[in-house]
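Have a look at run14.pdb; it's PDB, C-alpha atoms, pLDDT in the B column:
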ATOM      1  CA  MET I   1      88.136-182.165  36.830  1.00 57.00           C
ATOM      2  CA  SER I   2      86.612-183.000  33.444  1.00 71.00           C
ATOM      3  CA  ARG I   3      86.137-186.458  31.977  1.00 74.00           C
ATOM      4  CA  TYR I   4      89.175-187.733  30.085  1.00 78.00           C
ATOM      5  CA  THR I   5      88.633-187.667  26.309  1.00 79.00           C
ATOM      6  CA  GLY I   6      92.143-188.432  25.066  1.00 82.00           C
ATOM      7  CA  SER I   7      93.760-191.648  23.873  1.00 83.00           C
ATOM      8  CA  ILE I   8      92.511-194.747  25.679  1.00 84.00           C
ATOM      9  CA  ASN I   9      95.450-196.731  24.297  1.00 86.00           C
ATOM     10  CA  ARG I  10      97.900-194.372  25.957  1.00 87.00           C
ATOM     11  CA  LYS I  11      96.120-194.489  29.308  1.00 89.00           C
ATOM     12  CA  SER I  12      95.812-198.271  29.156  1.00 89.00           C
ATOM     13  CA  ARG I  13      99.515-198.576  28.468  1.00 87.00           C
ATOM     14  CA  ARG I  14     100.394-196.292  31.354  1.00 87.00           C
ATOM     15  CA  LEU I  15      98.158-198.220  33.743  1.00 90.00           C
ATOM     16  CA  LYS I  16      99.062-201.624  32.211  1.00 88.00           C
ATOM     17  CA  PHE I  17      95.345-202.344  32.243  1.00 90.00           C
ATOM     18  CA  SER I  18      92.810-202.759  29.441  1.00 90.00           C
ATOM     19  CA  LEU I  19      90.264-199.993  29.899  1.00 89.00           C
ATOM     20  CA  LEU I  20      88.221-201.539  27.072  1.00 84.00           C
ATOM     21  CA  GLU I  21      88.329-204.913  28.886  1.00 89.00           C
ATOM     22  CA  ASN I  22      89.294-206.713  25.683  1.00 85.00           C
ATOM     23  CA  ASN I  23      93.057-206.034  25.472  1.00 84.00           C
ATOM     24  CA  LYS I  24      92.683-204.396  22.054  1.00 81.00           C
ATOM     25  CA  GLU I  25      94.829-201.527  23.313  1.00 83.00           C
ATOM     26  CA  PHE I  26      97.696-204.016  23.432  1.00 82.00           C
ATOM     27  CA  SER I  27      97.129-205.581  20.021  1.00 77.00           C
ATOM     28  CA  LYS I  28      99.929-205.957  17.475  1.00 61.00           C
ATOM     29  CA  GLY I  29     101.646-202.656  16.846  1.00 57.00           C
ATOM     30  CA  LYS I  30     100.399-201.150  20.123  1.00 55.00           C
ATOM     31  CA  LYS I  31     101.829-203.475  22.726  1.00 53.00           C
ATOM     32  CA  ARG I  32     104.404-201.953  25.021  1.00 49.00           C
ATOM     33  CA  THR I  33     105.903-203.233  28.258  1.00 48.00           C
ATOM     34  CA  THR I  34     106.890-199.815  29.642  1.00 51.00           C
ATOM     35  CA  VAL I  35     104.859-196.734  30.436  1.00 52.00           C
ATOM     36  CA  PRO I  36     104.872-193.870  27.869  1.00 49.00           C
ATOM     37  CA  GLY I  37     107.883-191.593  27.695  1.00 53.00           C
ATOM     38  CA  GLN I  38     111.550-191.877  26.811  1.00 50.00           C
ATOM     39  CA  HIS I  39     112.528-193.026  30.299  1.00 51.00           C
ATOM     40  CA  GLY I  40     109.370-194.959  31.162  1.00 50.00           C
ATOM     41  CA  GLY I  41     111.113-198.132  32.255  1.00 50.00           C
ATOM     42  CA  ALA I  42     113.643-196.287  34.409  1.00 52.00           C
ATOM     43  CA  ARG I  43     110.891-194.598  36.429  1.00 56.00           C
ATOM     44  CA  ALA I  44     109.474-197.844  37.825  1.00 56.00           C
ATOM     45  CA  LYS I  45     109.662-198.229  41.623  1.00 72.00           C
ATOM     46  CA  THR I  46     107.652-199.738  44.432  1.00 83.00           C
ATOM     47  CA  PRO I  47     104.461-197.640  44.658  1.00 82.00           C
ATOM     48  CA  SER I  48     103.212-196.169  47.934  1.00 94.00           C
ATOM     49  CA  GLU I  49      99.825-197.095  49.386  1.00 95.00           C
ATOM     50  CA  TYR I  50      98.461-193.740  48.215  1.00 95.00           C
ATOM     51  CA  LYS I  51      99.826-194.331  44.706  1.00 95.00           C
ATOM     52  CA  LEU I  52      98.128-197.748  44.563  1.00 95.00           C
ATOM     53  CA  GLN I  53      94.829-196.200  45.643  1.00 97.00           C
ATOM     54  CA  LEU I  54      95.170-193.381  43.118  1.00 96.00           C
ATOM     55  CA  THR I  55      95.961-195.832  40.315  1.00 96.00           C
ATOM     56  CA  GLU I  56      92.876-197.946  41.053  1.00 97.00           C
ATOM     57  CA  LYS I  57      90.744-194.809  41.222  1.00 97.00           C
ATOM     58  CA  GLN I  58      92.052-193.804  37.784  1.00 96.00           C
ATOM     59  CA  LYS I  59      91.305-197.269  36.369  1.00 97.00           C
ATOM     60  CA  VAL I  60      87.689-197.154  37.502  1.00 97.00           C
ATOM     61  CA  ALA I  61      87.144-193.536  36.457  1.00 96.00           C
ATOM     62  CA  LEU I  62      88.656-194.064  33.010  1.00 96.00           C
ATOM     63  CA  MET I  63      87.002-197.426  32.390  1.00 96.00           C
ATOM     64  CA  TYR I  64      83.518-196.123  33.178  1.00 97.00           C
ATOM     65  CA  GLY I  65      84.155-192.635  31.739  1.00 95.00           C
ATOM     66  CA  LEU I  66      83.672-190.581  34.895  1.00 96.00           C
ATOM     67  CA  ASN I  67      85.094-187.327  36.142  1.00 94.00           C
ATOM     68  CA  ASP I  68      86.070-186.772  39.777  1.00 95.00           C
ATOM     69  CA  THR I  69      82.786-185.110  40.730  1.00 95.00           C
ATOM     70  CA  GLN I  70      80.833-188.084  39.387  1.00 96.00           C
ATOM     71  CA  MET I  71      83.116-190.525  41.198  1.00 97.00           C
ATOM     72  CA  LYS I  72      82.500-188.760  44.498  1.00 97.00           C
ATOM     73  CA  ARG I  73      78.741-188.878  43.894  1.00 97.00           C
ATOM     74  CA  PHE I  74      78.812-192.623  43.297  1.00 98.00           C
ATOM     75  CA  ILE I  75      80.995-193.166  46.378  1.00 98.00           C
ATOM     76  CA  LEU I  76      78.426-191.327  48.512  1.00 98.00           C
ATOM     77  CA  MET I  77      75.605-193.346  46.953  1.00 98.00           C
ATOM     78  CA  ALA I  78      77.471-196.603  47.644  1.00 98.00           C
ATOM     79  CA  ARG I  79      77.896-195.657  51.308  1.00 97.00           C
ATOM     80  CA  LYS I  80      74.122-195.328  51.707  1.00 97.00           C
ATOM     81  CA  MET I  81      73.474-198.845  50.406  1.00 97.00           C
ATOM     82  CA  LYS I  82      73.542-202.008  52.510  1.00 96.00           C
ATOM     83  CA  GLY I  83      76.554-204.287  52.191  1.00 96.00           C
ATOM     84  CA  SER I  84      80.088-203.695  50.963  1.00 97.00           C
ATOM     85  CA  ASN I  85      80.812-200.142  49.827  1.00 98.00           C
ATOM     86  CA  SER I  86      83.293-201.371  47.227  1.00 98.00           C
ATOM     87  CA  LEU I  87      80.882-203.891  45.670  1.00 98.00           C
ATOM     88  CA  ASN I  88      78.065-201.349  45.843  1.00 98.00           C
ATOM     89  CA  LEU I  89      80.225-198.932  43.858  1.00 98.00           C
ATOM     90  CA  LEU I  90      80.722-201.434  41.036  1.00 98.00           C
ATOM     91  CA  ILE I  91      77.026-202.368  41.054  1.00 98.00           C
ATOM     92  CA  LEU I  92      76.068-198.705  40.667  1.00 98.00           C
ATOM     93  CA  LEU I  93      78.540-198.177  37.826  1.00 98.00           C
ATOM     94  CA  GLU I  94      77.379-201.324  36.042  1.00 98.00           C
ATOM     95  CA  SER I  95      73.763-200.157  36.410  1.00 98.00           C
ATOM     96  CA  ARG I  96      74.382-196.931  34.482  1.00 98.00           C
ATOM     97  CA  ILE I  97      72.495-196.804  31.201  1.00 98.00           C
ATOM     98  CA  ASP I  98      75.631-196.116  29.142  1.00 98.00           C
ATOM     99  CA  ASN I  99      77.347-199.159  30.638  1.00 97.00           C
ATOM    100  CA  LEU I 100      74.361-201.447  30.055  1.00 97.00           C
ATOM    101  CA  VAL I 101      74.062-200.332  26.422  1.00 97.00           C
ATOM    102  CA  TYR I 102      77.732-201.293  26.082  1.00 95.00           C
ATOM    103  CA  ARG I 103      77.268-204.595  27.920  1.00 96.00           C
ATOM    104  CA  MET I 104      74.384-205.486  25.607  1.00 95.00           C
ATOM    105  CA  GLY I 105      76.613-204.945  22.593  1.00 94.00           C
ATOM    106  CA  PHE I 106      74.757-202.011  21.046  1.00 95.00           C
ATOM    107  CA  ALA I 107      78.025-200.047  20.970  1.00 94.00           C
ATOM    108  CA  PRO I 108      81.656-201.213  20.710  1.00 91.00           C
ATOM    109  CA  THR I 109      82.906-199.049  23.606  1.00 92.00           C
ATOM    110  CA  ARG I 110      81.461-197.198  26.581  1.00 95.00           C
ATOM    111  CA  ARG I 111      82.330-193.915  24.857  1.00 94.00           C
ATOM    112  CA  ALA I 112      80.239-194.921  21.866  1.00 94.00           C
ATOM    113  CA  SER I 113      77.366-196.067  24.081  1.00 96.00           C
ATOM    114  CA  ARG I 114      77.512-192.745  25.952  1.00 97.00           C
ATOM    115  CA  GLN I 115      77.058-190.954  22.627  1.00 97.00           C
ATOM    116  CA  LEU I 116      74.067-193.132  21.736  1.00 97.00           C
ATOM    117  CA  VAL I 117      72.424-192.230  25.028  1.00 98.00           C
ATOM    118  CA  THR I 118      73.317-188.535  24.894  1.00 98.00           C
ATOM    119  CA  HIS I 119      71.920-188.207  21.364  1.00 97.00           C
ATOM    120  CA  GLY I 120      68.589-189.701  22.414  1.00 97.00           C
ATOM    121  CA  HIS I 121      68.806-193.080  20.665  1.00 98.00           C
ATOM    122  CA  VAL I 122      68.047-195.216  23.749  1.00 98.00           C
ATOM    123  CA  LEU I 123      64.775-195.997  25.538  1.00 98.00           C
ATOM    124  CA  VAL I 124      64.331-197.441  29.034  1.00 98.00           C
ATOM    125  CA  ASN I 125      60.910-198.998  29.516  1.00 98.00           C
ATOM    126  CA  GLY I 126      59.718-197.008  26.493  1.00 97.00           C
ATOM    127  CA  LYS I 127      60.974-193.624  27.712  1.00 98.00           C
ATOM    128  CA  LYS I 128      63.860-191.773  26.085  1.00 98.00           C
ATOM    129  CA  ILE I 129      66.847-191.413  28.391  1.00 98.00           C
ATOM    130  CA  SER I 130      69.568-188.959  27.390  1.00 97.00           C
ATOM    131  CA  ILE I 131      71.573-188.893  30.637  1.00 97.00           C
ATOM    132  CA  PRO I 132      74.428-191.452  30.507  1.00 97.00           C
ATOM    133  CA  SER I 133      74.655-191.649  34.316  1.00 96.00           C
ATOM    134  CA  PHE I 134      70.980-192.666  34.655  1.00 98.00           C
ATOM    135  CA  ILE I 135      70.730-195.685  36.991  1.00 98.00           C
ATOM    136  CA  VAL I 136      68.613-198.461  35.494  1.00 98.00           C
ATOM    137  CA  ASP I 137      66.419-200.565  37.769  1.00 98.00           C
ATOM    138  CA  VAL I 138      66.583-204.345  37.587  1.00 98.00           C
ATOM    139  CA  ASN I 139      63.976-205.860  35.198  1.00 98.00           C
ATOM    140  CA  SER I 140      64.013-202.737  33.017  1.00 98.00           C
ATOM    141  CA  GLU I 141      63.832-203.039  29.237  1.00 98.00           C
ATOM    142  CA  ILE I 142      66.450-201.184  27.213  1.00 98.00           C
ATOM    143  CA  THR I 143      65.677-200.571  23.549  1.00 98.00           C
ATOM    144  CA  ILE I 144      67.245-198.698  20.663  1.00 98.00           C
ATOM    145  CA  LYS I 145      64.715-196.225  19.221  1.00 97.00           C
ATOM    146  CA  GLU I 146      63.004-197.463  16.085  1.00 96.00           C
ATOM    147  CA  LYS I 147      64.423-194.649  13.952  1.00 95.00           C
ATOM    148  CA  SER I 148      67.910-195.321  15.339  1.00 96.00           C
ATOM    149  CA  LYS I 149      68.070-199.058  14.630  1.00 95.00           C
ATOM    150  CA  LYS I 150      69.699-198.459  11.248  1.00 93.00           C
ATOM    151  CA  LEU I 151      72.671-196.608  12.716  1.00 94.00           C
ATOM    152  CA  PRO I 152      75.937-198.272  11.617  1.00 92.00           C
ATOM    153  CA  VAL I 153      77.219-198.544  15.187  1.00 91.00           C
ATOM    154  CA  VAL I 154      74.054-200.370  16.257  1.00 92.00           C
ATOM    155  CA  ASN I 155      74.006-202.643  13.214  1.00 88.00           C
ATOM    156  CA  ALA I 156      77.555-203.735  13.951  1.00 88.00           C
ATOM    157  CA  ILE I 157      76.268-205.746  16.923  1.00 85.00           C
ATOM    158  CA  ASP I 158      77.627-209.295  16.979  1.00 81.00           C
ATOM    159  CA  ALA I 159      74.791-211.774  17.397  1.00 78.00           C
ATOM    160  CA  ASN I 160      77.219-214.493  18.475  1.00 75.00           C
ATOM    161  CA  ALA I 161      79.112-212.445  21.041  1.00 78.00           C
ATOM    162  CA  THR I 162      79.310-213.754  24.596  1.00 78.00           C
ATOM    163  CA  ARG I 163      77.501-211.311  26.859  1.00 86.00           C
ATOM    164  CA  ILE I 164      77.637-210.846  30.586  1.00 92.00           C
ATOM    165  CA  ALA I 165      75.029-212.919  32.415  1.00 96.00           C
ATOM    166  CA  PHE I 166      73.051-210.151  34.112  1.00 98.00           C
ATOM    167  CA  VAL I 167      71.639-208.891  30.801  1.00 97.00           C
ATOM    168  CA  THR I 168      69.655-210.572  28.049  1.00 97.00           C
ATOM    169  CA  VAL I 169      69.639-209.328  24.462  1.00 96.00           C
ATOM    170  CA  ASP I 170      67.257-209.646  21.521  1.00 95.00           C
ATOM    171  CA  VAL I 171      69.629-208.839  18.669  1.00 93.00           C
ATOM    172  CA  SER I 172      66.996-208.713  15.934  1.00 92.00           C
ATOM    173  CA  ASN I 173      64.853-206.198  17.821  1.00 95.00           C
ATOM    174  CA  LYS I 174      67.843-204.256  19.209  1.00 96.00           C
ATOM    175  CA  SER I 175      66.535-204.568  22.743  1.00 97.00           C
ATOM    176  CA  GLY I 176      67.635-206.095  26.009  1.00 97.00           C
ATOM    177  CA  LYS I 177      66.769-206.501  29.659  1.00 98.00           C
ATOM    178  CA  TYR I 178      68.719-205.866  32.851  1.00 98.00           C
ATOM    179  CA  ILE I 179      67.653-209.038  34.633  1.00 98.00           C
ATOM    180  CA  ARG I 180      69.569-208.830  37.927  1.00 98.00           C
ATOM    181  CA  LEU I 181      72.366-207.083  39.772  1.00 98.00           C
ATOM    182  CA  PRO I 182      75.863-208.212  38.797  1.00 97.00           C
ATOM    183  CA  GLU I 183      77.943-210.489  40.998  1.00 97.00           C
ATOM    184  CA  ARG I 184      81.550-209.580  41.745  1.00 97.00           C
ATOM    185  CA  SER I 185      82.803-212.741  40.010  1.00 97.00           C
ATOM    186  CA  GLU I 186      81.245-211.495  36.746  1.00 96.00           C
ATOM    187  CA  LEU I 187      83.137-208.210  36.755  1.00 96.00           C
ATOM    188  CA  ASN I 188      86.713-207.299  35.909  1.00 95.00           C
ATOM    189  CA  PRO I 189      88.981-209.299  38.257  1.00 96.00           C
ATOM    190  CA  GLU I 190      91.846-206.838  37.808  1.00 95.00           C
ATOM    191  CA  LEU I 191      90.010-203.996  39.513  1.00 97.00           C
ATOM    192  CA  LYS I 192      90.784-203.424  43.192  1.00 97.00           C
ATOM    193  CA  GLU I 193      87.727-201.401  44.067  1.00 97.00           C
ATOM    194  CA  SER I 194      88.449-201.443  47.812  1.00 97.00           C
ATOM    195  CA  PHE I 195      91.453-199.200  47.062  1.00 97.00           C
ATOM    196  CA  VAL I 196      89.080-196.732  45.400  1.00 98.00           C
ATOM    197  CA  ILE I 197      86.964-196.597  48.550  1.00 98.00           C
ATOM    198  CA  GLU I 198      90.111-196.070  50.645  1.00 97.00           C
ATOM    199  CA  TYR I 199      91.226-193.265  48.343  1.00 97.00           C
ATOM    200  CA  TYR I 200      87.957-191.366  48.734  1.00 97.00           C
ATOM    201  CA  ASN I 201      87.760-192.058  52.478  1.00 95.00           C
ATOM    202  CA  ARG I 202      90.696-189.648  52.705  1.00 92.00           C
ATOM    203  CA  ILE I 203      88.848-186.756  51.153  1.00 92.00           C
ATOM    204  CA  ILE I 204      85.072-187.183  51.599  1.00 91.00           C
TER     205      ILE I 204
END
Kindly present the structure from the file in structure tokens form.
Amino acid sequence: MSRYTGSINRKSRRLKFSLLENNKEFSKGKKRTTVPGQHGGARAKTPSEYKLQLTEKQKVALMYGLNDTQMKRFILMARKMKGSNSLNLLILLESRIDNLVYRMGFAPTRRASRQLVTHGHVLVNGKKISIPSFIVDVNSEITIKEKSKKLPVVNAIDANATRIAFVTVDVSNKSGKYIRLPERSELNPELKESFVIEYYNRII
């Protein structure tokens, strides 16, 4: 199964969940109370346990831009770590380089941050990283390459934006630091990551 590259607005509306985590998919002119389709409202019914698990799996996969193979790999990695498998999964996903570039504000979406990484614009501790799924160690420095600092997407960074507490950002130098692992209270409260673990416990 390949990574989804279609309309995020459409998927957000279907899931009734902001995949961008800012509710822009539901801004004026895009807001809709039913799922897509002519008979969207009529299809609503009490979901099964499997359906709930599948929905949460889709939320996580779409939000972090993963395909099914990548999801399975992160589930297996989470199982090998100490502590809660579900929290470990979120910690691993938040520690990806493409996610941290997004969290630091160097790109407006995770898709855009993935492109920055893939095209070689991002350094981790001075070394170019072009693999979006690269797991960044705590206390690592993340920097936009000198030649890439004039890119429009990078220069659109908002110096006054509120950023998540496990990263620090030097806006003028287009650099940041992953200072600690995230806490569950700092991450999206709408995600039910335990359902994702239950979903994959069925198949791997």
How would you write, as number ranges by chain, the residues chosen by the PyMOL selection byres ((chain I and resi 162-179) around 8) on this structure?
I: 100, 103-106, 136-144, 149, 154, 157, 159-161, 180-182, 186
Keeping only C-alpha atoms, write the selected residues as a PDB file, keeping the file's coordinate frame.
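To be explicit, this is the file written out as result_5.pdb:
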ATOM      1  CA  LEU I 100      74.361-201.447  30.055  1.00 97.00           C
ATOM      2  CA  ARG I 103      77.268-204.595  27.920  1.00 96.00           C
ATOM      3  CA  MET I 104      74.384-205.486  25.607  1.00 95.00           C
ATOM      4  CA  GLY I 105      76.613-204.945  22.593  1.00 94.00           C
ATOM      5  CA  PHE I 106      74.757-202.011  21.046  1.00 95.00           C
ATOM      6  CA  VAL I 136      68.613-198.461  35.494  1.00 98.00           C
ATOM      7  CA  ASP I 137      66.419-200.565  37.769  1.00 98.00           C
ATOM      8  CA  VAL I 138      66.583-204.345  37.587  1.00 98.00           C
ATOM      9  CA  ASN I 139      63.976-205.860  35.198  1.00 98.00           C
ATOM     10  CA  SER I 140      64.013-202.737  33.017  1.00 98.00           C
ATOM     11  CA  GLU I 141      63.832-203.039  29.237  1.00 98.00           C
ATOM     12  CA  ILE I 142      66.450-201.184  27.213  1.00 98.00           C
ATOM     13  CA  THR I 143      65.677-200.571  23.549  1.00 98.00           C
ATOM     14  CA  ILE I 144      67.245-198.698  20.663  1.00 98.00           C
ATOM     15  CA  LYS I 149      68.070-199.058  14.630  1.00 95.00           C
ATOM     16  CA  VAL I 154      74.054-200.370  16.257  1.00 92.00           C
ATOM     17  CA  ILE I 157      76.268-205.746  16.923  1.00 85.00           C
ATOM     18  CA  ALA I 159      74.791-211.774  17.397  1.00 78.00           C
ATOM     19  CA  ASN I 160      77.219-214.493  18.475  1.00 75.00           C
ATOM     20  CA  ALA I 161      79.112-212.445  21.041  1.00 78.00           C
ATOM     21  CA  ARG I 180      69.569-208.830  37.927  1.00 98.00           C
ATOM     22  CA  LEU I 181      72.366-207.083  39.772  1.00 98.00           C
ATOM     23  CA  PRO I 182      75.863-208.212  38.797  1.00 97.00           C
ATOM     24  CA  GLU I 186      81.245-211.495  36.746  1.00 96.00           C
TER      25      GLU I 186
END
Could you give me, as a PDB file with C-alpha atoms, in the coordinates of the input, the residues within 10 Å of Leu54 (chain I), counting only C-alpha atoms and dropping anything in the same chain fewer than 5 positions from it?
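Saved file selection-v5.pdb follows:
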ATOM      1  CA  SER I  48     103.212-196.169  47.934  1.00 94.00           C
ATOM      2  CA  GLU I  49      99.825-197.095  49.386  1.00 95.00           C
ATOM      3  CA  LYS I  59      91.305-197.269  36.369  1.00 97.00           C
ATOM      4  CA  PHE I 195      91.453-199.200  47.062  1.00 97.00           C
ATOM      5  CA  VAL I 196      89.080-196.732  45.400  1.00 98.00           C
ATOM      6  CA  GLU I 198      90.111-196.070  50.645  1.00 97.00           C
ATOM      7  CA  TYR I 199      91.226-193.265  48.343  1.00 97.00           C
ATOM      8  CA  TYR I 200      87.957-191.366  48.734  1.00 97.00           C
TER       9      TYR I 200
END
Nearest to His121 (chain I): which of I:Thr55, I:Ser148, I:Ser133, I:Asn99 is it, counting all atoms listed in the file?
I:Ser148
Expected selection from the PyMOL selection byres ((chain I and resi 191) around 10), given as a PDB file with C-alpha atoms, in the coordinates of the input:
ATOM      1  CA  PHE I  17      95.345-202.344  32.243  1.00 90.00           C
ATOM      2  CA  GLU I  56      92.876-197.946  41.053  1.00 97.00           C
ATOM      3  CA  LYS I  57      90.744-194.809  41.222  1.00 97.00           C
ATOM      4  CA  LYS I  59      91.305-197.269  36.369  1.00 97.00           C
ATOM      5  CA  VAL I  60      87.689-197.154  37.502  1.00 97.00           C
ATOM      6  CA  LEU I  90      80.722-201.434  41.036  1.00 98.00           C
ATOM      7  CA  LEU I 187      83.137-208.210  36.755  1.00 96.00           C
ATOM      8  CA  ASN I 188      86.713-207.299  35.909  1.00 95.00           C
ATOM      9  CA  PRO I 189      88.981-209.299  38.257  1.00 96.00           C
ATOM     10  CA  GLU I 190      91.846-206.838  37.808  1.00 95.00           C
ATOM     11  CA  LYS I 192      90.784-203.424  43.192  1.00 97.00           C
ATOM     12  CA  GLU I 193      87.727-201.401  44.067  1.00 97.00           C
ATOM     13  CA  SER I 194      88.449-201.443  47.812  1.00 97.00           C
ATOM     14  CA  PHE I 195      91.453-199.200  47.062  1.00 97.00           C
ATOM     15  CA  VAL I 196      89.080-196.732  45.400  1.00 98.00           C
TER      16      VAL I 196
END
Explicit residue set for the PyMOL selection byres ((chain I and resi 108) around 12), as a ChimeraX atom specification:
/I:20-22,24,98-107,109-116,152-158,161
Kindly export the residues of the current selection with C-alpha atoms, as a PDB file, keeping the file's coordinate frame.
ATOM      1  CA  LEU I  20      88.221-201.539  27.072  1.00 84.00           C
ATOM      2  CA  GLU I  21      88.329-204.913  28.886  1.00 89.00           C
ATOM      3  CA  ASN I  22      89.294-206.713  25.683  1.00 85.00           C
ATOM      4  CA  LYS I  24      92.683-204.396  22.054  1.00 81.00           C
ATOM      5  CA  ASP I  98      75.631-196.116  29.142  1.00 98.00           C
ATOM      6  CA  ASN I  99      77.347-199.159  30.638  1.00 97.00           C
ATOM      7  CA  LEU I 100      74.361-201.447  30.055  1.00 97.00           C
ATOM      8  CA  VAL I 101      74.062-200.332  26.422  1.00 97.00           C
ATOM      9  CA  TYR I 102      77.732-201.293  26.082  1.00 95.00           C
ATOM     10  CA  ARG I 103      77.268-204.595  27.920  1.00 96.00           C
ATOM     11  CA  MET I 104      74.384-205.486  25.607  1.00 95.00           C
ATOM     12  CA  GLY I 105      76.613-204.945  22.593  1.00 94.00           C
ATOM     13  CA  PHE I 106      74.757-202.011  21.046  1.00 95.00           C
ATOM     14  CA  ALA I 107      78.025-200.047  20.970  1.00 94.00           C
ATOM     15  CA  THR I 109      82.906-199.049  23.606  1.00 92.00           C
ATOM     16  CA  ARG I 110      81.461-197.198  26.581  1.00 95.00           C
ATOM     17  CA  ARG I 111      82.330-193.915  24.857  1.00 94.00           C
ATOM     18  CA  ALA I 112      80.239-194.921  21.866  1.00 94.00           C
ATOM     19  CA  SER I 113      77.366-196.067  24.081  1.00 96.00           C
ATOM     20  CA  ARG I 114      77.512-192.745  25.952  1.00 97.00           C
ATOM     21  CA  GLN I 115      77.058-190.954  22.627  1.00 97.00           C
ATOM     22  CA  LEU I 116      74.067-193.132  21.736  1.00 97.00           C
ATOM     23  CA  PRO I 152      75.937-198.272  11.617  1.00 92.00           C
ATOM     24  CA  VAL I 153      77.219-198.544  15.187  1.00 91.00           C
ATOM     25  CA  VAL I 154      74.054-200.370  16.257  1.00 92.00           C
ATOM     26  CA  ASN I 155      74.006-202.643  13.214  1.00 88.00           C
ATOM     27  CA  ALA I 156      77.555-203.735  13.951  1.00 88.00           C
ATOM     28  CA  ILE I 157      76.268-205.746  16.923  1.00 85.00           C
ATOM     29  CA  ASP I 158      77.627-209.295  16.979  1.00 81.00           C
ATOM     30  CA  ALA I 161      79.112-212.445  21.041  1.00 78.00           C
TER      31      ALA I 161
END
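As for CA of Leu62 (chain I) and CA of Phe134 (chain I), they are spaced 17.8 Å apart.
At a cut-off of 7 Å from (87.0, -183.3, 37.5), the residue set is Met1, Ser2, Arg3, Asn67, Asp68 and Thr69 of chain I (counting only C-alpha atoms).
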Suppose you want the space between CA of Ile197 (chain I) and CA of Leu89 (chain I); what is it in Å?
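Calculated distance between CA of Ile197 (chain I) and CA of Leu89 (chain I) is 8.5 Å.
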What gap, in Å, lies between CA of Ser18 (chain I) and CA of Ile97 (chain I)?
21.2 Å
Which of these residues is nearest to Met63 (chain I), using all atoms listed in the file: I:Ser12, I:Ser185, I:Thr118, I:Asn201?
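Of I:Ser12, I:Ser185, I:Thr118, I:Asn201, the one nearest Met63 (chain I), counting all atoms listed in the file, is I:Ser12.
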Quick one: residues within 12 Å of (62.6, -189.2, 25.0) (file frame), counting all atoms listed in the file, please, as a list in words.
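The distance filter leaves exactly Val117, Thr118, His119, Gly120, His121, Val122, Leu123, Val124, Asn125, Gly126, Lys127, Lys128, Ile129, Ser130, Ile131, Thr143, Ile144 and Lys145 of chain I.
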Among listed residues I:Leu19, I:Met81, I:Ser27, I:Lys72, nearest Ile204 (chain I) (using all atoms listed in the file):
I:Lys72
Could you pull the residues within 8 Å of Leu66 (chain I), counting all atoms listed in the file, minus those fewer than 5 positions along the same chain, as a PyMOL selection string?
chain I and resi 3-4+61+71
